[in-house]
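Below is input_35.pdb, which holds PDB, C-alpha atoms, pLDDT in the B column.
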ATOM      1  CA  MET A   7     -52.846   4.440  57.212  1.00 66.00           C
ATOM      2  CA  ASN A   8     -50.470   5.645  54.534  1.00 76.00           C
ATOM      3  CA  LYS A   9     -52.524   7.662  52.031  1.00 79.00           C
ATOM      4  CA  LYS A  10     -50.103   6.736  49.228  1.00 82.00           C
ATOM      5  CA  LEU A  11     -50.830   3.063  49.878  1.00 87.00           C
ATOM      6  CA  LYS A  12     -54.628   3.341  49.748  1.00 91.00           C
ATOM      7  CA  THR A  13     -55.477   2.883  46.095  1.00 94.00           C
ATOM      8  CA  ASP A  14     -58.133   0.975  44.186  1.00 95.00           C
ATOM      9  CA  ALA A  15     -55.470  -1.507  43.088  1.00 96.00           C
ATOM     10  CA  VAL A  16     -54.376  -2.199  46.675  1.00 96.00           C
ATOM     11  CA  ASP A  17     -58.020  -2.515  47.763  1.00 96.00           C
ATOM     12  CA  TYR A  18     -58.541  -5.043  44.957  1.00 97.00           C
ATOM     13  CA  LEU A  19     -55.495  -7.031  46.087  1.00 97.00           C
ATOM     14  CA  PHE A  20     -56.645  -7.049  49.716  1.00 97.00           C
ATOM     15  CA  ASP A  21     -60.136  -8.151  48.654  1.00 98.00           C
ATOM     16  CA  ALA A  22     -58.504 -11.037  46.792  1.00 98.00           C
ATOM     17  CA  ILE A  23     -56.476 -12.005  49.874  1.00 98.00           C
ATOM     18  CA  LEU A  24     -59.551 -11.801  52.087  1.00 98.00           C
ATOM     19  CA  SER A  25     -61.353 -14.208  49.750  1.00 98.00           C
ATOM     20  CA  LEU A  26     -58.834 -16.995  50.426  1.00 98.00           C
ATOM     21  CA  LYS A  27     -60.270 -19.739  52.601  1.00 98.00           C
ATOM     22  CA  ASN A  28     -57.356 -21.914  53.681  1.00 98.00           C
ATOM     23  CA  ARG A  29     -53.593 -22.355  53.642  1.00 97.00           C
ATOM     24  CA  ASP A  30     -53.603 -24.304  50.352  1.00 98.00           C
ATOM     25  CA  GLU A  31     -55.444 -21.438  48.636  1.00 98.00           C
ATOM     26  CA  CYS A  32     -52.915 -19.022  50.123  1.00 98.00           C
ATOM     27  CA  TYR A  33     -50.036 -21.070  48.752  1.00 98.00           C
ATOM     28  CA  SER A  34     -51.620 -21.165  45.291  1.00 98.00           C
ATOM     29  CA  PHE A  35     -52.346 -17.444  45.207  1.00 98.00           C
ATOM     30  CA  PHE A  36     -49.099 -16.197  46.723  1.00 98.00           C
ATOM     31  CA  GLU A  37     -46.950 -18.524  44.610  1.00 97.00           C
ATOM     32  CA  ASP A  38     -48.583 -16.967  41.547  1.00 98.00           C
ATOM     33  CA  LEU A  39     -48.414 -13.416  42.912  1.00 98.00           C
ATOM     34  CA  CYS A  40     -44.916 -13.331  44.413  1.00 98.00           C
ATOM     35  CA  THR A  41     -41.499 -14.588  43.542  1.00 98.00           C
ATOM     36  CA  VAL A  42     -40.074 -17.168  45.916  1.00 97.00           C
ATOM     37  CA  ASN A  43     -37.715 -14.525  47.336  1.00 97.00           C
ATOM     38  CA  GLU A  44     -40.530 -12.028  47.900  1.00 98.00           C
ATOM     39  CA  LEU A  45     -42.621 -14.582  49.771  1.00 97.00           C
ATOM     40  CA  LEU A  46     -39.641 -15.729  51.839  1.00 97.00           C
ATOM     41  CA  SER A  47     -38.846 -12.084  52.675  1.00 97.00           C
ATOM     42  CA  LEU A  48     -42.397 -11.482  53.875  1.00 97.00           C
ATOM     43  CA  SER A  49     -42.378 -14.627  55.994  1.00 97.00           C
ATOM     44  CA  GLN A  50     -38.955 -13.700  57.391  1.00 98.00           C
ATOM     45  CA  ARG A  51     -40.228 -10.275  58.488  1.00 98.00           C
ATOM     46  CA  PHE A  52     -43.210 -11.893  60.162  1.00 98.00           C
ATOM     47  CA  GLU A  53     -40.941 -14.348  61.985  1.00 98.00           C
ATOM     48  CA  VAL A  54     -38.679 -11.474  63.036  1.00 98.00           C
ATOM     49  CA  ALA A  55     -41.698  -9.616  64.431  1.00 98.00           C
ATOM     50  CA  ALA A  56     -42.765 -12.673  66.425  1.00 97.00           C
ATOM     51  CA  MET A  57     -39.287 -13.067  67.847  1.00 98.00           C
ATOM     52  CA  LEU A  58     -39.081  -9.378  68.755  1.00 98.00           C
ATOM     53  CA  LYS A  59     -42.442  -9.700  70.528  1.00 96.00           C
ATOM     54  CA  SER A  60     -40.908 -12.624  72.446  1.00 96.00           C
ATOM     55  CA  HIS A  61     -38.054 -10.322  73.523  1.00 97.00           C
ATOM     56  CA  LYS A  62     -35.348 -12.123  71.561  1.00 98.00           C
ATOM     57  CA  THR A  63     -32.153 -10.189  70.898  1.00 97.00           C
ATOM     58  CA  TYR A  64     -31.134  -8.949  67.472  1.00 97.00           C
ATOM     59  CA  LEU A  65     -28.314 -11.501  67.500  1.00 97.00           C
ATOM     60  CA  GLU A  66     -30.660 -14.398  68.306  1.00 98.00           C
ATOM     61  CA  ILE A  67     -33.055 -13.251  65.591  1.00 98.00           C
ATOM     62  CA  ALA A  68     -30.330 -12.799  62.984  1.00 98.00           C
ATOM     63  CA  ASP A  69     -28.890 -16.239  63.794  1.00 98.00           C
ATOM     64  CA  LYS A  70     -32.244 -18.026  63.533  1.00 98.00           C
ATOM     65  CA  THR A  71     -33.797 -16.165  60.584  1.00 98.00           C
ATOM     66  CA  GLY A  72     -30.820 -14.925  58.600  1.00 97.00           C
ATOM     67  CA  ALA A  73     -32.364 -11.440  58.639  1.00 98.00           C
ATOM     68  CA  SER A  74     -30.019  -8.484  58.499  1.00 97.00           C
ATOM     69  CA  THR A  75     -29.890  -6.056  61.402  1.00 97.00           C
ATOM     70  CA  ALA A  76     -31.414  -3.464  59.045  1.00 97.00           C
ATOM     71  CA  THR A  77     -34.440  -5.720  58.470  1.00 97.00           C
ATOM     72  CA  ILE A  78     -34.751  -6.460  62.185  1.00 98.00           C
ATOM     73  CA  SER A  79     -34.550  -2.744  62.958  1.00 98.00           C
ATOM     74  CA  ARG A  80     -37.193  -1.924  60.319  1.00 97.00           C
ATOM     75  CA  VAL A  81     -39.574  -4.537  61.739  1.00 98.00           C
ATOM     76  CA  ASN A  82     -38.889  -3.302  65.276  1.00 98.00           C
ATOM     77  CA  ARG A  83     -39.721   0.247  64.184  1.00 97.00           C
ATOM     78  CA  SER A  84     -43.033  -1.000  62.759  1.00 96.00           C
ATOM     79  CA  LEU A  85     -43.814  -2.816  65.991  1.00 96.00           C
ATOM     80  CA  ASN A  86     -43.085   0.285  68.047  1.00 96.00           C
ATOM     81  CA  TYR A  87     -44.329   3.099  65.821  1.00 95.00           C
ATOM     82  CA  GLY A  88     -46.426   1.469  63.105  1.00 93.00           C
ATOM     83  CA  ASN A  89     -50.152   0.927  62.702  1.00 93.00           C
ATOM     84  CA  ASP A  90     -50.376  -2.040  65.129  1.00 95.00           C
ATOM     85  CA  GLY A  91     -50.979  -4.460  62.260  1.00 95.00           C
ATOM     86  CA  TYR A  92     -48.540  -7.003  63.649  1.00 97.00           C
ATOM     87  CA  ASP A  93     -50.199  -6.843  67.076  1.00 95.00           C
ATOM     88  CA  LEU A  94     -53.647  -7.286  65.550  1.00 96.00           C
ATOM     89  CA  VAL A  95     -52.593 -10.438  63.720  1.00 97.00           C
ATOM     90  CA  PHE A  96     -50.585 -11.884  66.610  1.00 96.00           C
ATOM     91  CA  ASP A  97     -53.562 -11.400  68.939  1.00 95.00           C
ATOM     92  CA  ARG A  98     -55.843 -13.199  66.499  1.00 94.00           C
ATOM     93  CA  ILE A  99     -53.591 -16.152  65.730  1.00 93.00           C
ATOM     94  CA  THR A 100     -52.746 -16.771  69.398  1.00 86.00           C
ATOM     95  CA  GLN A 101     -56.451 -16.874  70.297  1.00 75.00           C
ATOM     96  CA  LYS A 102     -57.047 -19.890  68.043  1.00 60.00           C
TER      97      LYS A 102
END

Can you give me the file's structure in the form of structure tokens?
Amino acid sequence: MNKKLKTDAVDYLFDAILSLKNRDECYSFFEDLCTVNELLSLSQRFEVAAMLKSHKTYLEIADKTGASTATISRVNRSLNYGNDGYDLVFDRITQK
């Protein structure tokens, strides 16, 4: 975990996110918290990660998501060398 990221403010934000109970609550909270572009960027990165996990090519991913190769590369780096956060979430949502 990045020590610069672990702050009381970030803990407070994560506690707020963990308190959300359903998709409608998530929409309400994140629409208030983020700009439309920020939320779309986050969802794009998540979609890119899913496509990379499915062994799609950068070209396929860029065509479907509109993500730049820099964004795809950044997400790929997180998948390969990050904290396994993507894998944790993908494992949990595919088990449902």

Query raised in the report: Care to translate the PyMOL selection byres ((chain A and resi 57) around 12) into actual residues of this file, as a VMD selection string?
Result: chain A and resid 50 to 56 58 to 71 73 78 81 to 82 85 92 96

Query - Between atom CA of Gln101 of chain A and atom CA of Gly88 of chain A, distance in Å (one decimal) - result: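 Atom-to-atom, atom CA of Gln101 of chain A and atom CA of Gly88 of chain A are spaced 22.1 Å apart.
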
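Taking atom CA of Arg98 of chain A as the reference point, atom CA of Val16 of chain A is found at 22.7 Å.
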
Query raised in the report: When you draw a straight line from atom CA of Leu94 of chain A to atom CA of Asn8 of chain A, how long is it in Å?
Result: 17.3 Å

Specify the axis-aligned box that encloses all atoms of segment 42-57 of chain A listed in the file after padding of 4 Å on each side, stating its centre and edge lengths in Å to one decimal as lines of an AutoDock Vina configuration file.
center_x = -40.5
center_y = -13.4
center_z = 56.9
size_x = 13.5
size_y = 15.6
size_z = 29.9
